[in-house]
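Here is model_15.cif, consisting of mmCIF, C-alpha atoms and all ligand atoms:
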```cif
data_upload
loop_
_atom_site.label_atom_id
_atom_site.label_comp_id
_atom_site.auth_asym_id
_atom_site.auth_seq_id
_atom_site.Cartn_x
_atom_site.Cartn_y
_atom_site.Cartn_z
CA MET A 1 -17.28 -161.37 8.75
CA PRO A 2 -17.76 -159.79 5.31
CA GLY A 3 -14.62 -159.72 3.22
CA ILE A 4 -12.63 -161.88 5.64
CA ASP A 5 -11.67 -165.43 4.85
CA VAL A 6 -12.05 -167.56 7.92
CA LEU A 7 -9.01 -169.80 8.25
CA PRO A 8 -9.30 -173.52 7.47
CA ALA A 9 -10.63 -175.36 10.55
CA ALA A 10 -7.42 -177.40 10.71
CA CYS A 11 -5.43 -174.21 11.54
CA ALA A 12 -7.17 -174.06 14.94
CA VAL A 13 -5.93 -176.11 17.90
CA PRO A 14 -8.32 -179.09 18.16
CA ASP A 15 -10.09 -179.85 21.45
CA GLN A 16 -8.75 -183.40 21.33
CA GLY A 17 -5.12 -184.16 20.54
CA PRO A 18 -1.60 -183.87 21.92
CA LEU A 19 -2.02 -180.18 22.83
CA SER A 20 -4.99 -180.91 25.08
CA GLN A 21 -2.97 -183.41 27.14
CA ARG A 22 -2.32 -182.63 30.81
CA GLN A 23 0.76 -183.38 32.91
CA TYR A 24 -1.36 -185.62 35.14
CA PRO A 25 -3.95 -187.47 33.00
CA GLU A 26 -7.57 -186.76 33.92
CA PRO A 27 -10.82 -188.19 32.52
CA ASP A 28 -12.62 -185.98 29.98
CA HIS A 29 -15.40 -183.78 31.32
CA PRO A 30 -18.86 -184.84 30.10
CA TYR A 31 -19.72 -181.48 28.50
CA ARG A 32 -16.79 -179.03 28.85
CA THR A 33 -13.85 -178.91 26.47
CA PRO A 34 -10.32 -179.26 27.95
CA PHE A 35 -9.65 -175.57 27.24
CA GLN A 36 -12.93 -174.46 28.80
CA ARG A 37 -11.83 -176.29 31.93
CA ASP A 38 -8.46 -174.53 31.80
CA ALA A 39 -10.15 -171.12 31.49
CA GLY A 40 -12.27 -172.04 34.53
CA ARG A 41 -9.24 -173.14 36.55
CA ILE A 42 -7.44 -169.88 35.80
CA LEU A 43 -10.53 -167.78 36.58
CA HIS A 44 -10.95 -169.52 39.96
CA SER A 45 -7.28 -169.25 40.95
CA ARG A 46 -5.90 -167.03 43.69
CA ALA A 47 -3.38 -165.51 41.29
CA PHE A 48 -6.25 -164.36 39.06
CA ARG A 49 -8.06 -162.70 41.96
CA ARG A 50 -4.88 -160.87 42.96
CA LEU A 51 -4.89 -159.11 39.55
CA ALA A 52 -7.55 -156.82 41.05
CA GLY A 53 -4.90 -155.37 43.35
CA LYS A 54 -2.13 -154.96 40.80
CA THR A 55 -1.27 -151.82 38.89
CA GLN A 56 -1.73 -151.60 35.16
CA VAL A 57 -0.03 -148.20 34.66
CA PHE A 58 -0.71 -145.92 37.60
CA THR A 59 0.94 -146.75 40.90
CA GLU A 60 0.38 -143.49 42.77
CA ARG A 61 -2.84 -141.85 41.64
CA ALA A 62 -5.99 -143.52 42.84
CA SER A 63 -9.11 -143.42 40.69
CA ASP A 64 -11.94 -145.91 40.61
CA HIS A 65 -11.89 -145.56 36.83
CA PHE A 66 -8.32 -146.62 36.06
CA ARG A 67 -7.77 -150.13 34.74
CA SER A 68 -6.35 -152.64 37.15
CA ARG A 69 -4.59 -155.68 35.78
CA LEU A 70 -7.84 -157.57 36.30
CA THR A 71 -10.03 -155.25 34.22
CA HIS A 72 -7.25 -155.03 31.61
CA THR A 73 -7.20 -158.84 31.46
CA LEU A 74 -10.97 -158.93 30.90
CA GLU A 75 -10.64 -156.36 28.09
CA VAL A 76 -7.90 -158.46 26.47
CA THR A 77 -10.10 -161.54 26.77
CA GLN A 78 -13.01 -159.82 25.03
CA ILE A 79 -10.80 -158.62 22.17
CA ALA A 80 -8.98 -161.95 21.78
CA ARG A 81 -12.24 -163.92 21.69
CA THR A 82 -13.61 -161.59 19.01
CA VAL A 83 -10.52 -162.13 16.85
CA ALA A 84 -10.50 -165.90 17.46
CA ARG A 85 -14.16 -166.23 16.49
CA ALA A 86 -13.79 -164.15 13.34
CA LEU A 87 -10.79 -166.23 12.23
CA GLY A 88 -12.37 -169.57 13.14
CA LEU A 89 -9.78 -170.37 15.84
CA ASN A 90 -10.34 -172.22 19.11
CA GLU A 91 -12.19 -169.66 21.25
CA ASP A 92 -11.98 -171.63 24.50
CA LEU A 93 -8.21 -171.93 24.22
CA THR A 94 -7.95 -168.24 23.32
CA GLU A 95 -10.02 -167.31 26.37
CA ALA A 96 -7.85 -169.42 28.69
CA LEU A 97 -4.68 -167.80 27.31
CA ALA A 98 -6.06 -164.28 27.58
CA LEU A 99 -7.20 -164.84 31.18
CA ALA A 100 -3.73 -166.13 32.06
CA HIS A 101 -1.62 -163.67 30.08
CA ASP A 102 -0.80 -161.32 32.99
CA ILE A 103 -1.01 -163.59 36.05
CA GLY A 104 2.78 -163.65 36.34
CA HIS A 105 3.04 -159.89 36.76
CA PRO A 106 4.46 -158.66 40.07
CA PRO A 107 3.10 -155.60 41.93
CA PHE A 108 3.69 -152.12 40.40
CA GLY A 109 3.40 -153.15 36.75
CA HIS A 110 6.48 -153.12 34.57
CA ALA A 111 8.39 -151.07 37.15
CA GLY A 112 7.98 -153.98 39.56
CA GLU A 113 9.10 -156.48 36.94
CA ARG A 114 12.24 -154.42 36.21
CA ALA A 115 13.01 -154.01 39.92
CA LEU A 116 12.72 -157.75 40.61
CA ASP A 117 14.85 -158.55 37.59
CA GLU A 118 17.55 -156.13 38.75
CA VAL A 119 17.81 -157.56 42.26
CA LEU A 120 17.84 -161.13 40.93
CA GLN A 121 20.61 -160.37 38.43
CA ARG A 122 22.98 -159.81 41.37
CA TYR A 123 22.54 -163.54 42.06
CA GLY A 124 22.85 -164.67 38.45
CA LEU A 125 19.08 -165.09 38.08
CA ARG A 126 16.41 -163.25 36.05
CA PHE A 127 12.74 -162.38 36.57
CA ASP A 128 10.45 -162.93 33.60
CA HIS A 129 6.68 -162.63 34.00
CA ASN A 130 5.92 -165.35 31.44
CA LEU A 131 8.12 -167.89 33.21
CA HIS A 132 6.75 -166.78 36.56
CA ALA A 133 3.21 -167.35 35.26
CA LEU A 134 4.21 -170.90 34.32
CA ARG A 135 5.54 -171.47 37.86
CA ILE A 136 2.25 -170.17 39.28
CA VAL A 137 0.11 -172.59 37.29
CA GLU A 138 2.50 -175.52 37.74
CA TYR A 139 3.48 -175.13 41.40
CA PHE A 140 1.96 -172.30 43.40
CA GLU A 141 -1.77 -172.81 42.86
CA ASN A 142 -2.85 -175.66 45.05
CA ARG A 143 -6.53 -176.48 44.85
CA HIS A 144 -6.49 -180.08 43.70
CA LEU A 145 -6.10 -183.19 45.81
CA GLU A 146 -4.52 -185.35 43.13
CA PHE A 147 -1.80 -183.05 41.80
CA ARG A 148 0.18 -179.91 42.38
CA GLY A 149 -0.70 -176.78 40.39
CA LEU A 150 -3.64 -176.42 38.01
CA ASN A 151 -2.64 -179.27 35.68
CA LEU A 152 -3.38 -177.18 32.58
CA THR A 153 -3.21 -178.53 29.04
CA LEU A 154 0.01 -178.37 27.05
CA ALA A 155 -1.47 -175.74 24.66
CA VAL A 156 -2.22 -173.37 27.53
CA ARG A 157 1.18 -173.85 29.17
CA GLU A 158 2.92 -173.31 25.84
CA GLY A 159 0.82 -170.21 25.17
CA ILE A 160 1.54 -168.79 28.62
CA ILE A 161 5.26 -168.69 27.97
CA LYS A 162 5.10 -167.83 24.27
CA HIS A 163 2.32 -165.25 23.97
CA SER A 164 4.73 -162.31 23.93
CA ARG A 165 8.21 -163.64 23.20
CA ASP A 166 10.24 -166.65 22.12
CA TYR A 167 12.77 -168.55 24.23
CA SER A 168 15.91 -170.27 23.00
CA ALA A 169 16.29 -173.96 23.77
CA ALA A 170 19.97 -173.42 24.63
CA GLU A 171 19.14 -170.87 27.35
CA HIS A 172 16.06 -172.67 28.65
CA PRO A 173 16.53 -176.45 28.55
CA GLU A 174 13.77 -176.76 31.17
CA LEU A 175 11.26 -175.59 28.53
CA ALA A 176 12.14 -178.30 26.00
CA GLU A 177 8.60 -179.73 25.83
CA TYR A 178 7.21 -176.42 24.50
CA PHE A 179 8.34 -176.65 20.82
CA LEU A 180 10.81 -173.78 21.30
CA SER A 181 12.02 -173.85 17.70
CA GLN A 182 8.48 -173.24 16.37
CA PRO A 183 6.03 -170.35 16.62
CA PRO A 184 3.05 -171.04 18.87
CA PRO A 185 -0.45 -171.75 17.49
CA LEU A 186 -2.43 -168.73 16.26
CA GLU A 187 -4.55 -168.71 19.42
CA ALA A 188 -1.39 -167.77 21.37
CA GLN A 189 -0.09 -165.43 18.68
CA ILE A 190 -3.18 -163.21 18.78
CA ILE A 191 -2.98 -162.70 22.57
CA ASP A 192 -0.02 -160.35 22.34
CA TRP A 193 -1.83 -158.18 19.79
CA ALA A 194 -5.10 -158.23 21.74
CA ASP A 195 -3.05 -157.11 24.76
CA GLU A 196 -1.53 -154.28 22.75
CA ILE A 197 -4.91 -153.14 21.35
CA ALA A 198 -6.37 -153.15 24.87
CA TYR A 199 -3.62 -151.17 26.52
CA LEU A 200 -3.00 -148.63 23.74
CA THR A 201 -6.62 -147.53 23.83
CA ALA A 202 -7.01 -147.89 27.61
CA ASP A 203 -3.84 -145.98 28.45
CA LEU A 204 -4.89 -143.02 26.29
CA ASP A 205 -8.21 -143.08 28.14
CA ASP A 206 -6.67 -143.43 31.62
CA GLY A 207 -3.97 -140.88 30.77
CA VAL A 208 -6.66 -138.26 30.13
CA GLU A 209 -8.58 -139.36 33.24
CA ALA A 210 -5.36 -138.91 35.26
CA GLU A 211 -4.97 -135.42 33.75
CA ILE A 212 -1.48 -136.31 32.50
CA LEU A 213 -2.55 -136.25 28.84
CA THR A 214 -4.93 -133.84 27.13
CA VAL A 215 -7.22 -134.70 24.23
CA GLN A 216 -5.56 -131.91 22.24
CA GLU A 217 -2.09 -133.45 22.68
CA ILE A 218 -3.43 -136.85 21.70
CA ARG A 219 -5.07 -135.37 18.60
CA ARG A 220 -1.75 -133.89 17.55
CA GLY A 221 0.30 -136.99 18.32
CA VAL A 222 -1.88 -140.02 17.60
CA THR A 223 -3.23 -140.34 14.06
CA LEU A 224 -5.38 -143.33 15.05
CA VAL A 225 -7.40 -141.02 17.29
CA GLU A 226 -7.38 -137.91 15.11
CA ARG A 227 -8.53 -139.68 11.95
CA HIS A 228 -11.78 -140.54 13.76
CA LEU A 229 -12.11 -137.47 15.95
CA ALA A 230 -11.80 -134.81 13.21
CA PRO A 231 -14.74 -136.05 11.09
CA LEU A 232 -16.81 -136.76 14.22
CA GLN A 233 -16.29 -133.19 15.39
CA ALA A 234 -17.30 -131.82 11.98
CA GLU A 235 -20.45 -133.94 12.11
CA HIS A 236 -21.28 -133.15 15.78
CA PRO A 237 -19.85 -129.65 16.44
CA ALA A 238 -21.80 -129.24 19.71
CA ALA A 239 -20.71 -132.57 21.22
CA PRO A 240 -18.47 -132.36 24.30
CA GLU A 241 -14.79 -133.05 23.59
CA LYS A 242 -14.69 -135.93 26.09
CA LEU A 243 -17.52 -137.74 24.33
CA LEU A 244 -15.95 -137.25 20.90
CA PHE A 245 -12.69 -138.61 22.33
CA GLN A 246 -14.44 -141.68 23.80
CA GLU A 247 -16.20 -142.38 20.51
CA SER A 248 -12.86 -142.03 18.70
CA LEU A 249 -11.13 -144.46 21.08
CA LYS A 250 -13.89 -146.99 20.46
CA ARG A 251 -13.43 -146.59 16.70
CA MET A 252 -9.64 -146.82 17.06
CA LEU A 253 -10.05 -150.11 18.92
CA ASN A 254 -12.40 -151.45 16.26
CA ALA A 255 -10.04 -150.38 13.47
CA LEU A 256 -7.13 -152.21 15.13
CA VAL A 257 -9.21 -155.36 15.63
CA ASP A 258 -10.54 -155.28 12.04
CA ASP A 259 -7.01 -154.85 10.71
CA LEU A 260 -5.57 -157.64 12.86
CA ILE A 261 -8.26 -160.07 11.67
CA ALA A 262 -7.89 -159.12 7.99
CA GLU A 263 -4.07 -159.10 7.96
CA THR A 264 -3.75 -162.36 9.90
CA ALA A 265 -6.16 -164.01 7.45
CA ARG A 266 -4.09 -162.59 4.58
CA GLN A 267 -0.79 -163.77 6.06
CA ALA A 268 -2.23 -167.24 6.66
CA LYS A 269 -3.52 -167.60 3.07
CA GLY A 270 -2.46 -170.99 1.77
CA VAL A 271 -1.69 -172.29 5.27
CA ALA A 272 -3.80 -175.41 5.59
CA ASN A 273 -3.34 -176.65 9.13
CA LEU A 274 -1.66 -176.25 12.51
CA GLU A 275 1.54 -178.00 11.39
CA GLU A 276 1.89 -175.42 8.63
CA VAL A 277 1.21 -172.56 11.10
CA ARG A 278 4.13 -173.89 13.14
CA GLY A 279 6.23 -174.50 10.05
CA VAL A 280 6.21 -170.87 8.84
CA GLN A 281 9.01 -169.88 11.26
CA HIS A 282 7.55 -166.44 11.88
CA ARG A 283 4.34 -165.33 13.50
CA LEU A 284 1.38 -165.04 11.13
CA ALA A 285 -0.73 -162.87 13.44
CA ALA A 286 0.06 -159.31 12.41
CA PHE A 287 -1.20 -155.85 11.55
CA SER A 288 -1.01 -154.50 8.01
CA ARG A 289 2.00 -152.34 7.20
CA GLU A 290 -0.01 -149.10 7.48
CA MET A 291 -1.62 -150.11 10.78
CA GLU A 292 1.72 -151.24 12.15
CA GLN A 293 3.10 -147.72 11.58
CA LEU A 294 0.08 -146.17 13.28
CA ARG A 295 0.38 -148.61 16.19
CA ARG A 296 4.04 -147.70 16.65
CA GLN A 297 3.23 -144.01 16.55
CA ALA A 298 0.57 -144.41 19.27
CA LYS A 299 2.91 -146.49 21.40
CA GLU A 300 5.77 -144.03 21.00
CA PHE A 301 3.40 -141.20 21.98
CA LEU A 302 2.45 -143.08 25.14
CA TYR A 303 6.10 -143.71 26.03
CA GLN A 304 7.09 -140.08 25.58
CA ASN A 305 4.06 -138.50 27.19
CA LEU A 306 2.79 -141.03 29.71
CA TYR A 307 4.99 -143.99 30.64
CA LEU A 308 8.16 -141.87 30.96
CA CYS A 309 6.54 -138.72 32.38
CA ASP A 310 7.89 -137.37 35.71
CA ASP A 311 4.78 -138.35 37.59
CA LEU A 312 5.01 -142.03 36.63
CA ARG A 313 8.78 -142.04 36.95
CA ARG A 314 8.46 -141.03 40.62
CA GLY A 315 6.04 -143.90 41.14
CA HIS A 316 8.44 -146.30 39.46
CA GLN A 317 11.33 -145.16 41.64
CA ARG A 318 9.24 -145.68 44.74
CA ALA A 319 8.18 -149.13 43.53
CA ALA A 320 11.80 -150.10 42.91
CA ALA A 321 12.79 -148.86 46.37
CA VAL A 322 10.01 -150.81 48.10
CA ILE A 323 10.92 -154.02 46.30
CA GLY A 324 14.67 -153.48 46.83
CA ASP A 325 14.23 -152.80 50.57
CA LEU A 326 12.14 -155.90 51.23
CA PHE A 327 14.34 -158.11 49.08
CA ALA A 328 17.45 -156.95 50.99
CA LEU A 329 15.71 -157.39 54.35
CA TRP A 330 14.83 -161.03 53.63
CA MET A 331 18.16 -161.85 52.02
CA ALA A 332 19.88 -160.63 55.19
CA ASP A 333 17.51 -162.57 57.42
CA PRO A 334 15.43 -165.24 55.62
CA CYS A 335 13.94 -166.27 58.99
CA ARG A 336 11.79 -163.14 58.76
CA LEU A 337 9.95 -164.68 55.81
CA PRO A 338 6.67 -166.50 56.47
CA PRO A 339 7.58 -170.02 57.73
CA SER A 340 6.69 -171.87 54.50
CA TYR A 341 8.87 -169.53 52.44
CA ALA A 342 11.71 -169.62 55.00
CA GLU A 343 11.78 -173.43 54.75
CA GLN A 344 11.68 -173.29 50.96
CA ALA A 345 14.45 -170.66 50.91
CA ALA A 346 16.67 -172.96 52.97
CA ARG A 347 16.07 -175.79 50.48
CA GLU A 348 16.03 -173.96 47.13
CA GLY A 349 18.02 -170.75 47.72
CA ALA A 350 16.70 -167.49 49.07
CA PRO A 351 16.83 -165.16 46.00
CA ARG A 352 14.32 -167.07 43.84
CA VAL A 353 12.00 -167.83 46.73
CA ILE A 354 11.98 -164.20 47.90
CA ALA A 355 11.29 -163.06 44.31
CA ASP A 356 8.39 -165.55 44.06
CA TYR A 357 6.98 -164.24 47.34
CA ILE A 358 7.24 -160.59 46.24
CA ALA A 359 5.88 -161.32 42.74
CA GLY A 360 2.68 -162.74 44.21
CA MET A 361 1.89 -159.59 46.18
CA THR A 362 -0.64 -156.91 45.30
CA ASP A 363 0.43 -153.25 45.33
CA HIS A 364 -1.50 -152.60 48.53
CA PHE A 365 -0.08 -155.66 50.31
CA ILE A 366 3.54 -154.87 49.55
CA LEU A 367 3.15 -151.22 50.57
CA GLU A 368 1.60 -152.27 53.89
CA LEU A 369 4.39 -154.77 54.43
CA HIS A 370 7.01 -152.17 53.62
CA ARG A 371 5.46 -149.80 56.17
CA SER A 372 5.28 -152.44 58.88
CA GLU A 373 8.61 -154.19 58.20
CA GLY A 374 10.71 -154.47 61.28
CA LYS A 375 7.73 -153.78 63.51
CA ALA A 376 5.35 -156.67 62.94
CA ALA A 377 5.58 -160.31 61.95
CA VAL A 378 5.42 -160.85 58.18
CA PRO A 379 2.10 -162.57 57.36
CA ASP A 380 2.02 -165.87 55.49
CA ARG A 381 0.55 -165.56 51.99
CA ASN A 382 0.39 -169.27 51.24
MG MG A 401 -1.41 -157.48 29.44
#
```

Will you turn the file into structure tokens for me?
Ligand code: MG
Amino acid sequence: MPGIDVLPAACAVPDQGPLSQRQYPEPDHPYRTPFQRDAGRILHSRAFRRLAGKTQVFTERASDHFRSRLTHTLEVTQIARTVARALGLNEDLTEALALAHDIGHPPFGHAGERALDEVLQRYGLRFDHNLHALRIVEYFENRHLEFRGLNLTLAVREGIIKHSRDYSAAEHPELAEYFLSQPPPLEAQIIDWADEIAYLTADLDDGVEAEILTVQEIRRGVTLVERHLAPLQAEHPAAPEKLLFQESLKRMLNALVDDLIAETARQAKGVANLEEVRGVQHRLAAFSREMEQLRRQAKEFLYQNLYLCDDLRRGHQRAAAVIGDLFALWMADPCRLPPSYAEQAAREGAPRVIADYIAGMTDHFILELHRSEGKAAVPDRN
């Protein structure tokens, strides 16, 4: 990429080394890298397929054009691979991490995550989608004869829990093997920003499609759109507003990606290898100061005008009620759970097992279950 210094090759996670080790040792594949195999395992998992039925933002309004968590994940993967390639990072590892980044999300988007966390807190537990994703790949996906879970490499498991936040070793002794005192490799660091680039642009798009936002409001509130739209309109005065808006969103996305690549390369100047990436003590993947301000402005606009609008709030309240009702029903009578979960609840405690069961559901499945609860047997999802 012109003007961008690709990082030294030693900054990328190597295909062979401690980070490509698996919990249960397996022979190398003759022509696929360990991280390519991980990406394949995630892509072929049941949890990945369920992303098609999970909300990204809109729980109530149906449109074939809104992003689901699956299409969002594919957009994040495309962006993350672009950034990884431009910086000279490990693309296969980046792809695996991007494909996995949302598989721990429960139904109803962030409203569902909040609702599950609230009910679990009454029992001294928490719900966290990163940790849930780790449980999915370690325990709940069962497709292999020789081991439980997907037996992913250490780099992918570390990236799954660390792509969007850090965990303290004191609070999470069970995560000790994941280098909690160090930032993750750059491949994991860029996932969070690729996620943000994907949803900022997509949510503006879907917000207009849902007729909650107007292009005029966005032009007034989001500089990253207006700075492209105004000159485009001057150049193409007869072009329909919707098309000018789409072209501007595309340019906004490109500007964010360009900035992320350039600023991350700048921040990593002088960093020679992966040990030094981990030794910096803060994350090197970043936007420039100017772009960071513009990103915050766009995000704030979306909070004020979309995520917290009455229409979405009603959907969130309904989501919380559905999750709360089913959780209470099964806590009161765990025998109503599917047999495999009922047995597990007796062994491991009902709250966590019920939360795991709910977290795996799609929006459609949990709504159906909520409608039929009390009237029909609860189907087994295992
Ligand atoms: Mg995401």

Each chain A residue no farther than 10 Å from ligand MG 401 (chain A), nearest pair in Å, all atoms listed in the file, as a Markdown table:
```
| residue | atom | partner | partner_atom | distance |
| --- | --- | --- | --- | --- |
| A:Gln56 | CA | A:MG401 | MG | 8.2 |
| A:Arg69 | CA | A:MG401 | MG | 7.3 |
| A:Leu70 | CA | A:MG401 | MG | 9.4 |
| A:His72 | CA | A:MG401 | MG | 6.7 |
| A:Thr73 | CA | A:MG401 | MG | 6.3 |
| A:Leu74 | CA | A:MG401 | MG | 9.8 |
| A:Glu75 | CA | A:MG401 | MG | 9.4 |
| A:Val76 | CA | A:MG401 | MG | 7.2 |
| A:Thr77 | CA | A:MG401 | MG | 10.0 |
| A:Ala98 | CA | A:MG401 | MG | 8.4 |
| A:Leu99 | CA | A:MG401 | MG | 9.5 |
| A:Ala100 | CA | A:MG401 | MG | 9.3 |
| A:His101 | CA | A:MG401 | MG | 6.2 |
| A:Asp102 | CA | A:MG401 | MG | 5.3 |
| A:Ile103 | CA | A:MG401 | MG | 9.0 |
| A:His105 | CA | A:MG401 | MG | 8.9 |
| A:Gly109 | CA | A:MG401 | MG | 9.8 |
| A:Ser164 | CA | A:MG401 | MG | 9.6 |
| A:Ile191 | CA | A:MG401 | MG | 8.8 |
| A:Asp192 | CA | A:MG401 | MG | 7.8 |
| A:Trp193 | CA | A:MG401 | MG | 9.7 |
| A:Ala194 | CA | A:MG401 | MG | 8.6 |
| A:Asp195 | CA | A:MG401 | MG | 5.0 |
| A:Glu196 | CA | A:MG401 | MG | 7.4 |
| A:Ile197 | CA | A:MG401 | MG | 9.8 |
| A:Ala198 | CA | A:MG401 | MG | 8.0 |
| A:Tyr199 | CA | A:MG401 | MG | 7.3 |
```

(message) At a cut-off of 9 Å, using only C-alpha atoms, what residues contact Phe301 (chain A)? Leave out same-chain residues fewer than 6 positions from it and give the result as a PyMOL selection string.
(response) chain A and resi 218+221-222

Please save C-alpha atoms of the selected residues as an mmCIF file, keeping the file's coordinate frame.
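Result file follows (part_39.cif):
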```
data_model
loop_
_atom_site.group_PDB
_atom_site.id
_atom_site.type_symbol
_atom_site.label_atom_id
_atom_site.label_comp_id
_atom_site.auth_asym_id
_atom_site.auth_seq_id
_atom_site.Cartn_x
_atom_site.Cartn_y
_atom_site.Cartn_z
ATOM 1 C CA ILE A 218 -3.430 -136.850 21.700
ATOM 2 C CA GLY A 221 0.300 -136.990 18.320
ATOM 3 C CA VAL A 222 -1.880 -140.020 17.600
#
```

For His172 (chain A), the nearest of the candidates A:Leu131, A:Ala52, A:Ala111, A:Leu284, counting only C-alpha atoms =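 Using only C-alpha atoms, the shortest distance to His172 (chain A) belongs to A:Leu131.
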
In file coordinates, which residues lie within 7 Å of (-16.0, -176.4, 21.8) using all atoms listed in the file, given as a PyMOL selection string? chain A and resi 15+33+92

Worksheet item: Leaving out Phe66 (chain A) and any residue of its chain fewer than 4 positions from it, which residues lie within 12 Å of it when counting all atoms listed in the file, given as an NGL selection string?
Response: :A and (52-62 or 70-72 or 199 or 202-211)

- Message: Can you tell me which residues surround Gly279 (chain A) at a distance of at most 12 Å, considering all atoms listed in the file, apart from same-chain residues fewer than 4 positions away, and format the answer as a list in words?
- Response: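 These residues fall inside the cut-off: Cys11, Phe179, Ser181, Gln182, Pro183, Pro184, Pro185, Ala268, Val271, Ala272, Asn273, Leu274, Glu275, Arg283 and Leu284 of chain A.
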
Taken to one decimal, the CA of Glu292 (chain A)-CA of Leu312 (chain A) distance is 26.4 Å

| request: Extract, using only C-alpha atoms, all DNA, RNA and protein residues at most 12 Å from Pro240 (chain A), discarding same-chain residues fewer than 6 positions from it, and format them as a PyMOL selection string. | output: chain A and resi 215+229+232-233+246-247

Can you pull out the residues contacting Asp356 (chain A)? Cut-off 10 Å, using only C-alpha atoms, and skip same-chain residues under 5 positions away; I want them as a PDB file with C-alpha atoms, in the coordinates of the input.
```pdb
ATOM      1  CA  GLY A 104       2.780-163.650  36.340  1.00  0.00           C
ATOM      2  CA  PRO A 106       4.460-158.660  40.070  1.00  0.00           C
ATOM      3  CA  LEU A 116      12.720-157.750  40.610  1.00  0.00           C
ATOM      4  CA  PHE A 127      12.740-162.380  36.570  1.00  0.00           C
ATOM      5  CA  HIS A 132       6.750-166.780  36.560  1.00  0.00           C
ATOM      6  CA  ARG A 135       5.540-171.470  37.860  1.00  0.00           C
ATOM      7  CA  ILE A 136       2.250-170.170  39.280  1.00  0.00           C
ATOM      8  CA  PHE A 140       1.960-172.300  43.400  1.00  0.00           C
ATOM      9  CA  TYR A 341       8.870-169.530  52.440  1.00  0.00           C
ATOM     10  CA  ALA A 350      16.700-167.490  49.070  1.00  0.00           C
ATOM     11  CA  PRO A 351      16.830-165.160  46.000  1.00  0.00           C
ATOM     12  CA  MET A 361       1.890-159.590  46.180  1.00  0.00           C
TER      13      MET A 361
END
```

To one decimal in Å, tell me the separation between CA of Glu300 (chain A) and CA of Leu200 (chain A).
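Pair CA of Glu300 (chain A) / CA of Leu200 (chain A) returns 10.3 Å.
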
To box region 364-370 of chain A, take all atoms listed in the file, fit an axis-aligned box, add 3 Å on each side, and give centre and edge lengths in Å to one decimal, as lines of an AutoDock Vina configuration file.
```
center_x = 2.8
center_y = -153.4
center_z = 51.5
size_x = 14.5
size_y = 10.4
size_z = 11.9
```

Q.
Counting all atoms listed in the file, which residue out of A:Leu367, A:Ile42, A:Met291, A:Leu253 sits closest to Asn151 (chain A)?
A.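 So, comparing all the options, the nearest one is A:Ile42.
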
| task | Would you mind reading off the distance between CA of Glu263 (chain A) and CA of Ala285 (chain A), one decimal, in Å? | result |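 Pair CA of Glu263 (chain A) / CA of Ala285 (chain A) returns 7.4 Å.
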
> With only C-alpha atoms as the basis for distance, which of A:Arg22, A:Arg85, A:Arg165, A:Arg32 is at the shortest distance from Ile261 (chain A)?
Replying inline: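 Smallest separation from Ile261 (chain A) among the options: A:Arg85.
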
- Item | Given only C-alpha atoms as the counted atoms, nearest of A:Leu256, A:Pro18, A:Glu141, A:Leu125 to Val353 (chain A) |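 Of all the options, A:Leu125 lies closest to Val353 (chain A).
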
Among A:Ala346, A:Gly17, A:Pro338, A:His316, Arg114 (chain A) is approached most closely, using all atoms listed in the file, by A:His316

Item to complete: Choose the residue, out of A:Arg143, A:Arg122, A:His29, A:Arg352, that has the smallest atom-to-atom separation from Ser45 (chain A); count only C-alpha atoms.
Response: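 Ranking A:Arg143, A:Arg122, A:His29, A:Arg352 by distance to Ser45 (chain A), first place goes to A:Arg143.
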